[in-house]
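Next up, run.cif (mmCIF, C-alpha atoms, pLDDT in the B column; chains and numbers go by the auth columns):
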```cif
data_target
#
loop_
_atom_site.group_PDB
_atom_site.id
_atom_site.type_symbol
_atom_site.label_atom_id
_atom_site.label_comp_id
_atom_site.label_asym_id
_atom_site.label_seq_id
_atom_site.Cartn_x
_atom_site.Cartn_y
_atom_site.Cartn_z
_atom_site.B_iso_or_equiv
_atom_site.auth_seq_id
_atom_site.auth_asym_id
ATOM 1 C CA MET A 1 10.347 12.274 12.852 39.00 19 W
ATOM 2 C CA SER A 2 8.038 9.306 12.676 53.00 20 W
ATOM 3 C CA HIS A 3 8.488 6.815 9.864 65.00 21 W
ATOM 4 C CA TYR A 4 4.911 5.651 10.134 71.00 22 W
ATOM 5 C CA SER A 5 2.209 6.965 7.851 74.00 23 W
ATOM 6 C CA PRO A 6 -0.299 9.126 9.746 73.00 24 W
ATOM 7 C CA VAL A 7 -3.110 7.591 7.669 75.00 25 W
ATOM 8 C CA PRO A 8 -4.981 4.704 9.374 77.00 26 W
ATOM 9 C CA PRO A 9 -5.146 1.419 7.393 80.00 27 W
ATOM 10 C CA GLU A 10 -8.785 1.777 6.384 81.00 28 W
ATOM 11 C CA ASP A 11 -8.116 5.177 4.730 79.00 29 W
ATOM 12 C CA ARG A 12 -5.000 4.276 2.715 79.00 30 W
ATOM 13 C CA VAL A 13 -4.559 3.954 -1.012 79.00 31 W
ATOM 14 C CA TYR A 14 -1.908 1.359 -1.793 79.00 32 W
ATOM 15 C CA ALA A 15 0.426 1.344 -4.775 75.00 33 W
ATOM 16 C CA LYS A 16 -0.269 -1.348 -7.361 76.00 34 W
ATOM 17 C CA ASN A 17 2.931 -3.186 -6.459 77.00 35 W
ATOM 18 C CA TYR A 18 2.966 -2.743 -2.673 77.00 36 W
ATOM 19 C CA ARG A 19 4.416 -5.408 -0.367 83.00 37 W
ATOM 20 C CA LYS A 20 1.244 -7.393 0.374 84.00 38 W
ATOM 21 C CA GLU A 21 3.296 -9.966 2.297 90.00 39 W
ATOM 22 C CA LEU A 22 4.020 -7.420 5.050 89.00 40 W
ATOM 23 C CA LEU A 23 0.440 -6.146 5.449 88.00 41 W
ATOM 24 C CA PRO A 24 -0.595 -8.654 8.180 89.00 42 W
ATOM 25 C CA PHE A 25 2.532 -7.787 10.191 89.00 43 W
ATOM 26 C CA GLU A 26 2.153 -4.003 10.361 87.00 44 W
ATOM 27 C CA ALA A 27 3.032 -2.697 13.841 89.00 45 W
ATOM 28 C CA GLN A 28 4.584 -6.069 14.754 91.00 46 W
ATOM 29 C CA LEU A 29 8.180 -7.062 15.391 93.00 47 W
ATOM 30 C CA VAL A 30 9.999 -9.181 12.826 94.00 48 W
ATOM 31 C CA GLU A 31 13.493 -10.551 12.325 95.00 49 W
ATOM 32 C CA VAL A 32 15.040 -9.746 8.959 96.00 50 W
ATOM 33 C CA SER A 33 17.907 -11.480 7.239 97.00 51 W
ATOM 34 C CA GLY A 34 19.125 -10.333 3.841 97.00 52 W
ATOM 35 C CA ARG A 35 22.219 -9.980 1.689 97.00 53 W
ATOM 36 C CA VAL A 36 23.592 -6.505 0.962 97.00 54 W
ATOM 37 C CA LYS A 37 23.667 -6.050 -2.803 97.00 55 W
ATOM 38 C CA GLU A 38 24.003 -2.332 -3.486 95.00 56 W
ATOM 39 C CA PHE A 39 24.592 1.046 -1.859 94.00 57 W
ATOM 40 C CA ARG A 40 22.874 4.194 -3.120 89.00 58 W
ATOM 41 C CA ASP A 41 23.984 7.727 -2.294 87.00 59 W
ATOM 42 C CA HIS A 42 21.468 10.544 -2.150 78.00 60 W
ATOM 43 C CA PRO A 43 22.516 13.486 -4.355 80.00 61 W
ATOM 44 C CA GLU A 44 21.732 16.126 -1.722 82.00 62 W
ATOM 45 C CA ARG A 45 21.468 14.540 1.716 82.00 63 W
ATOM 46 C CA THR A 46 23.953 12.098 3.219 80.00 64 W
ATOM 47 C CA ASP A 47 21.440 11.022 5.900 81.00 65 W
ATOM 48 C CA LEU A 48 19.318 9.475 3.121 81.00 66 W
ATOM 49 C CA GLN A 49 21.969 7.067 1.838 88.00 67 W
ATOM 50 C CA SER A 50 20.429 3.626 1.503 89.00 68 W
ATOM 51 C CA LEU A 51 21.335 0.018 0.883 93.00 69 W
ATOM 52 C CA LEU A 52 19.568 -2.711 -1.026 94.00 70 W
ATOM 53 C CA LEU A 53 18.943 -5.997 0.744 96.00 71 W
ATOM 54 C CA VAL A 54 18.101 -8.979 -1.457 97.00 72 W
ATOM 55 C CA ASN A 55 16.942 -12.557 -0.816 96.00 73 W
ATOM 56 C CA LEU A 56 15.212 -11.497 2.390 95.00 74 W
ATOM 57 C CA THR A 57 13.772 -13.866 4.936 95.00 75 W
ATOM 58 C CA ILE A 58 11.395 -12.248 7.412 95.00 76 W
ATOM 59 C CA ARG A 59 10.240 -14.089 10.531 94.00 77 W
ATOM 60 C CA PRO A 60 7.551 -12.739 12.853 92.00 78 W
ATOM 61 C CA LEU A 61 8.574 -12.462 16.518 88.00 79 W
ATOM 62 C CA PRO A 62 8.400 -13.999 19.035 83.00 80 W
ATOM 63 C CA ARG A 63 9.695 -17.099 17.302 74.00 81 W
ATOM 64 C CA GLY A 64 7.566 -19.457 19.407 67.00 82 W
ATOM 65 C CA LYS A 65 4.457 -18.558 17.410 64.00 83 W
ATOM 66 C CA PRO A 66 3.564 -21.003 14.639 65.00 84 W
ATOM 67 C CA SER A 67 4.011 -18.754 11.625 74.00 85 W
ATOM 68 C CA LYS A 68 5.931 -19.204 8.411 84.00 86 W
ATOM 69 C CA ALA A 69 8.841 -17.110 7.269 90.00 87 W
ATOM 70 C CA ILE A 70 8.119 -14.615 4.497 91.00 88 W
ATOM 71 C CA LYS A 71 10.386 -14.277 1.487 95.00 89 W
ATOM 72 C CA LEU A 72 10.889 -10.904 -0.193 94.00 90 W
ATOM 73 C CA PRO A 73 13.048 -10.325 -3.271 94.00 91 W
ATOM 74 C CA HIS A 74 14.390 -6.941 -2.108 92.00 92 W
ATOM 75 C CA LEU A 75 14.045 -4.098 0.389 92.00 93 W
ATOM 76 C CA TRP A 76 15.712 -0.678 0.561 86.00 94 W
ATOM 77 C CA VAL A 77 16.822 0.387 4.059 89.00 95 W
ATOM 78 C CA LEU A 78 18.524 3.599 5.180 88.00 96 W
ATOM 79 C CA THR A 79 22.185 2.850 5.825 92.00 97 W
ATOM 80 C CA LYS A 80 22.201 4.972 8.997 91.00 98 W
ATOM 81 C CA HIS A 81 19.663 2.629 10.652 92.00 99 W
ATOM 82 C CA ILE A 82 21.835 -0.426 10.032 94.00 100 W
ATOM 83 C CA VAL A 83 25.011 1.343 11.202 93.00 101 W
ATOM 84 C CA ARG A 84 23.189 2.597 14.338 93.00 102 W
ATOM 85 C CA LEU A 85 22.661 -1.059 15.325 94.00 103 W
ATOM 86 C CA GLY A 86 26.415 -1.674 15.224 94.00 104 W
ATOM 87 C CA ILE A 87 26.274 -3.630 11.968 94.00 105 W
ATOM 88 C CA GLU A 88 28.873 -2.810 9.344 93.00 106 W
ATOM 89 C CA PRO A 89 27.164 -3.413 5.997 93.00 107 W
ATOM 90 C CA LYS A 90 29.445 -4.773 3.287 95.00 108 W
ATOM 91 C CA ARG A 91 28.491 -5.815 -0.210 96.00 109 W
ATOM 92 C CA ASN A 92 27.526 -9.513 -0.537 96.00 110 W
ATOM 93 C CA ARG A 93 27.424 -10.041 3.237 96.00 111 W
ATOM 94 C CA ARG A 94 24.276 -11.148 5.021 96.00 112 W
ATOM 95 C CA VAL A 95 22.906 -8.834 7.713 96.00 113 W
ATOM 96 C CA THR A 96 20.347 -9.756 10.364 96.00 114 W
ATOM 97 C CA PHE A 97 18.337 -7.332 12.470 96.00 115 W
ATOM 98 C CA ARG A 98 15.027 -6.942 14.260 95.00 116 W
ATOM 99 C CA GLY A 99 12.545 -4.227 13.497 94.00 117 W
ATOM 100 C CA SER A 100 8.990 -3.068 13.122 92.00 118 W
ATOM 101 C CA VAL A 101 6.861 -3.297 9.965 91.00 119 W
ATOM 102 C CA TYR A 102 5.369 0.076 9.055 87.00 120 W
ATOM 103 C CA ALA A 103 3.382 1.703 6.274 85.00 121 W
ATOM 104 C CA TYR A 104 4.781 4.790 4.549 78.00 122 W
ATOM 105 C CA PHE A 105 3.964 7.224 1.750 70.00 123 W
ATOM 106 C CA ARG A 106 5.921 6.814 -1.449 63.00 124 W
ATOM 107 C CA LEU A 107 7.351 10.218 -2.286 56.00 125 W
ATOM 108 C CA GLY A 108 9.928 11.472 -4.769 55.00 126 W
ATOM 109 C CA GLY A 109 12.564 9.967 -7.004 54.00 127 W
ATOM 110 C CA LYS A 110 11.665 6.872 -8.982 52.00 128 W
ATOM 111 C CA SER A 111 8.273 6.666 -7.255 47.00 129 W
ATOM 112 C CA LYS A 112 7.370 9.991 -8.844 47.00 130 W
ATOM 113 C CA GLN A 113 8.673 8.885 -12.251 49.00 131 W
ATOM 114 C CA ARG A 114 6.603 5.691 -12.076 51.00 132 W
ATOM 115 C CA GLY A 115 3.426 7.495 -11.044 47.00 133 W
ATOM 116 C CA LEU A 116 3.413 6.048 -7.512 47.00 134 W
ATOM 117 C CA HIS A 117 3.712 9.361 -5.657 46.00 135 W
ATOM 118 C CA GLY A 118 1.365 9.507 -2.650 58.00 136 W
ATOM 119 C CA PHE A 119 0.543 5.786 -2.555 73.00 137 W
ATOM 120 C CA HIS A 120 1.317 3.587 0.447 78.00 138 W
ATOM 121 C CA ASP A 121 3.741 0.702 0.758 78.00 139 W
ATOM 122 C CA PHE A 122 5.342 -1.242 3.619 83.00 140 W
ATOM 123 C CA SER A 123 8.874 -1.401 4.928 86.00 141 W
ATOM 124 C CA ILE A 124 10.757 -2.460 8.056 91.00 142 W
ATOM 125 C CA LEU A 125 12.404 -0.055 10.493 91.00 143 W
ATOM 126 C CA PRO A 126 15.535 -1.576 12.120 93.00 144 W
ATOM 127 C CA MET A 127 15.415 -1.164 15.905 93.00 145 W
ATOM 128 C CA GLY A 128 18.008 -1.302 18.653 92.00 146 W
ATOM 129 C CA GLN A 129 17.684 -3.215 21.925 90.00 147 W
ATOM 130 C CA ALA A 130 16.280 -0.263 23.891 88.00 148 W
ATOM 131 C CA GLU A 131 13.653 0.399 21.194 90.00 149 W
ATOM 132 C CA LEU A 132 12.700 -3.280 21.094 89.00 150 W
ATOM 133 C CA GLU A 133 12.182 -3.398 24.854 89.00 151 W
ATOM 134 C CA SER A 134 9.879 -0.373 24.837 87.00 152 W
ATOM 135 C CA PHE A 135 8.000 -1.392 21.653 87.00 153 W
ATOM 136 C CA THR A 136 4.246 -1.968 21.987 84.00 154 W
ATOM 137 C CA PRO A 137 2.941 -4.122 19.138 83.00 155 W
ATOM 138 C CA GLY A 138 -0.464 -3.613 17.593 81.00 156 W
ATOM 139 C CA ILE A 139 -2.006 -1.492 14.909 76.00 157 W
ATOM 140 C CA LYS A 140 -4.600 -0.046 17.297 72.00 158 W
ATOM 141 C CA GLN A 141 -1.881 1.345 19.590 71.00 159 W
ATOM 142 C CA ARG A 142 -0.056 2.900 16.651 68.00 160 W
ATOM 143 C CA TYR A 143 -3.114 4.768 15.377 68.00 161 W
ATOM 144 C CA SER A 144 -4.928 5.488 18.620 66.00 162 W
ATOM 145 C CA ASN A 145 -5.383 9.136 19.512 55.00 163 W
ATOM 146 C CA ASP A 146 -3.353 9.479 22.708 48.00 164 W
ATOM 147 C CA GLU A 147 -3.588 13.236 22.944 43.00 165 W
ATOM 148 C CA VAL A 148 -4.524 14.198 26.467 40.00 166 W
ATOM 149 C CA LYS A 149 -6.849 17.148 26.521 41.00 167 W
ATOM 150 C CA GLU A 150 -6.419 19.404 29.497 45.00 168 W
ATOM 151 C CA GLU A 151 -9.515 20.654 31.262 46.00 169 W
ATOM 152 C CA PRO A 152 -9.724 24.443 31.470 46.00 170 W
ATOM 153 C CA SER A 153 -9.150 25.598 35.011 46.00 171 W
ATOM 154 C CA ASP A 154 -11.410 28.227 36.579 43.00 172 W
#
```
Do you think you could lay out the structure here as structure tokens?
Amino acid sequence: MSHYSPVPPEDRVYAKNYRKELLPFEAQLVEVSGRVKEFRDHPERTDLQSLLLVNLTIRPLPRGKPSKAIKLPHLWVLTKHIVRLGIEPKRNRRVTFRGSVYAYFRLGGKSKQRGLHGFHDFSILPMGQAELESFTPGIKQRYSNDEVKEEPSD
């Protein structure tokens, strides 16, 4: 399952309160540091348990580039992605990870209640070392049509 929205940037409709700060970094690697504030269980699916990171500092990678760190007040991340990296999230502890900025559709839950269903927003997908090494940055690569069409043989 891909986390990325299948809709190219020029065709998206963004929610009124989307994370504008992350827009220029879509399909790029960033380093995230934030404090774990809250855990939220999903009523039906344990794989959708999430945690709330607050006081986030996001730095574009590689660090040698002259770019400023971005501050975000909060970000929800699936707990399973943090645990997969070998990080044990505990309340009030700071966690640091690297990941890719991606656009996604807002779906159910509070998004539906607030009338934001179907709009786009941005988040960060935590990535392990193997994923980081094979990651190809760039929005054009993410939305290029790589389907190879086979020629009919006679």
**OP:** Return the single residue from W:Thr114, W:His138, W:Arg63, W:Glu106 that is closest to Ala33 of chain W, with distances computed using only C-alpha atoms.
**Re:**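 Ranked by minimum distance to Ala33 of chain W, first place goes to W:His138.
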**OP:** Would you write out, as a ChimeraX atom specification, every residue that the PyMOL selection byres ((chain W and resi 156) around 12) captures in this file?
**Re:** /W:42-47,118-120,153-155,157-162
I'd like the contact shell of segment 95-105 of chain W - 7 Å cut-off, all atoms listed in the file, skipping same-chain residues fewer than 3 positions apart - returned as an mmCIF file with C-alpha atoms, in the frame of the given file.
```cif
data_model
loop_
_atom_site.group_PDB
_atom_site.id
_atom_site.type_symbol
_atom_site.label_atom_id
_atom_site.label_comp_id
_atom_site.auth_asym_id
_atom_site.auth_seq_id
_atom_site.Cartn_x
_atom_site.Cartn_y
_atom_site.Cartn_z
ATOM 1 C CA ASP W 65 21.440 11.022 5.900
ATOM 2 C CA LEU W 66 19.318 9.475 3.121
ATOM 3 C CA GLN W 67 21.969 7.067 1.838
ATOM 4 C CA SER W 68 20.429 3.626 1.503
ATOM 5 C CA LEU W 69 21.335 0.018 0.883
ATOM 6 C CA LEU W 70 19.568 -2.711 -1.026
ATOM 7 C CA PRO W 144 15.535 -1.576 12.120
ATOM 8 C CA GLY W 146 18.008 -1.302 18.653
#
```
**OP:** Considering only C-alpha atoms, return as a ChimeraX atom specification whatever protein or nucleic-acid residues lie within 9 Å of segment 75-82 of chain W, sequence-local ones (same chain, fewer than 4 positions apart) excluded.
**Re:** /W:43,46-52,86-91,116
With C-alpha atoms retained, could you export that selection as a PDB file, in the frame of the given file?
```pdb
ATOM      1  CA  PHE W  43       2.532  -7.787  10.191  1.00 89.00           C
ATOM      2  CA  GLN W  46       4.584  -6.069  14.754  1.00 91.00           C
ATOM      3  CA  LEU W  47       8.180  -7.062  15.391  1.00 93.00           C
ATOM      4  CA  VAL W  48       9.999  -9.181  12.826  1.00 94.00           C
ATOM      5  CA  GLU W  49      13.493 -10.551  12.325  1.00 95.00           C
ATOM      6  CA  VAL W  50      15.040  -9.746   8.959  1.00 96.00           C
ATOM      7  CA  SER W  51      17.907 -11.480   7.239  1.00 97.00           C
ATOM      8  CA  GLY W  52      19.125 -10.333   3.841  1.00 97.00           C
ATOM      9  CA  LYS W  86       5.931 -19.204   8.411  1.00 84.00           C
ATOM     10  CA  ALA W  87       8.841 -17.110   7.269  1.00 90.00           C
ATOM     11  CA  ILE W  88       8.119 -14.615   4.497  1.00 91.00           C
ATOM     12  CA  LYS W  89      10.386 -14.277   1.487  1.00 95.00           C
ATOM     13  CA  LEU W  90      10.889 -10.904  -0.193  1.00 94.00           C
ATOM     14  CA  PRO W  91      13.048 -10.325  -3.271  1.00 94.00           C
ATOM     15  CA  ARG W 116      15.027  -6.942  14.260  1.00 95.00           C
TER      16      ARG W 116
END
```
Original post:
Which of these, W:Arg37, W:Asp59, W:Phe137, W:Lys108, has the shortest distance to His92 of chain W once you count only C-alpha atoms?
Top reply: W:Arg37
**OP:** Report the distance between atom CA of Gly117 of chain W and atom CA of Glu151 of chain W in Å, rounded to one decimal place.
**Re:**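 Calculated distance between atom CA of Gly117 of chain W and atom CA of Glu151 of chain W is 11.4 Å.
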**OP:** Rank nothing, just name the residue among W:Ala121, W:Val54, W:Ala148, W:Leu143 nearest to Leu40 of chain W, using all atoms listed in the file.
**Re:** W:Ala121
Subject >> Spatial neighbours of Arg109 of chain W, 8 Å, all atoms listed in the file, chain gap at least 5 places, as number ranges by chain >> reply: W: 53-56
Original post:
Could you work out how far atom CA of Asp139 of chain W lies from atom CA of Phe123 of chain W, giving the answer in Å with one decimal?
Top reply: 6.6 Å
**OP:** Tell me which of W:Tyr122, W:Asn73, W:Leu150, W:Ser141 sits closest to Arg30 of chain W, counting only C-alpha atoms.
**Re:** W:Tyr122
**OP:** Considering all atoms listed in the file, state which residue in the set W:Phe57, W:Val72, W:Ser23, W:Phe140 is at the smallest distance from Lys38 of chain W.
**Re:**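 For Lys38 of chain W, the nearest of the candidates is W:Phe140.
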Original post:
So how many Å separate atom CA of Pro61 of chain W and atom CA of Tyr22 of chain W, to one decimal?
Top reply: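 About the pair atom CA of Pro61 of chain W and atom CA of Tyr22 of chain W: they are 24.1 Å apart.
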Would you compute, for all listed atoms of segment 71-81 of chain W, the axis-aligned bounding box grown by 4 Å on each side, and then report its centre and edge lengths in Å rounded to one decimal, as lines of an AutoDock Vina configuration file?
```
center_x = 13.2
center_y = -11.5
center_z = 8.8
size_x = 19.4
size_y = 19.1
size_z = 28.5
```
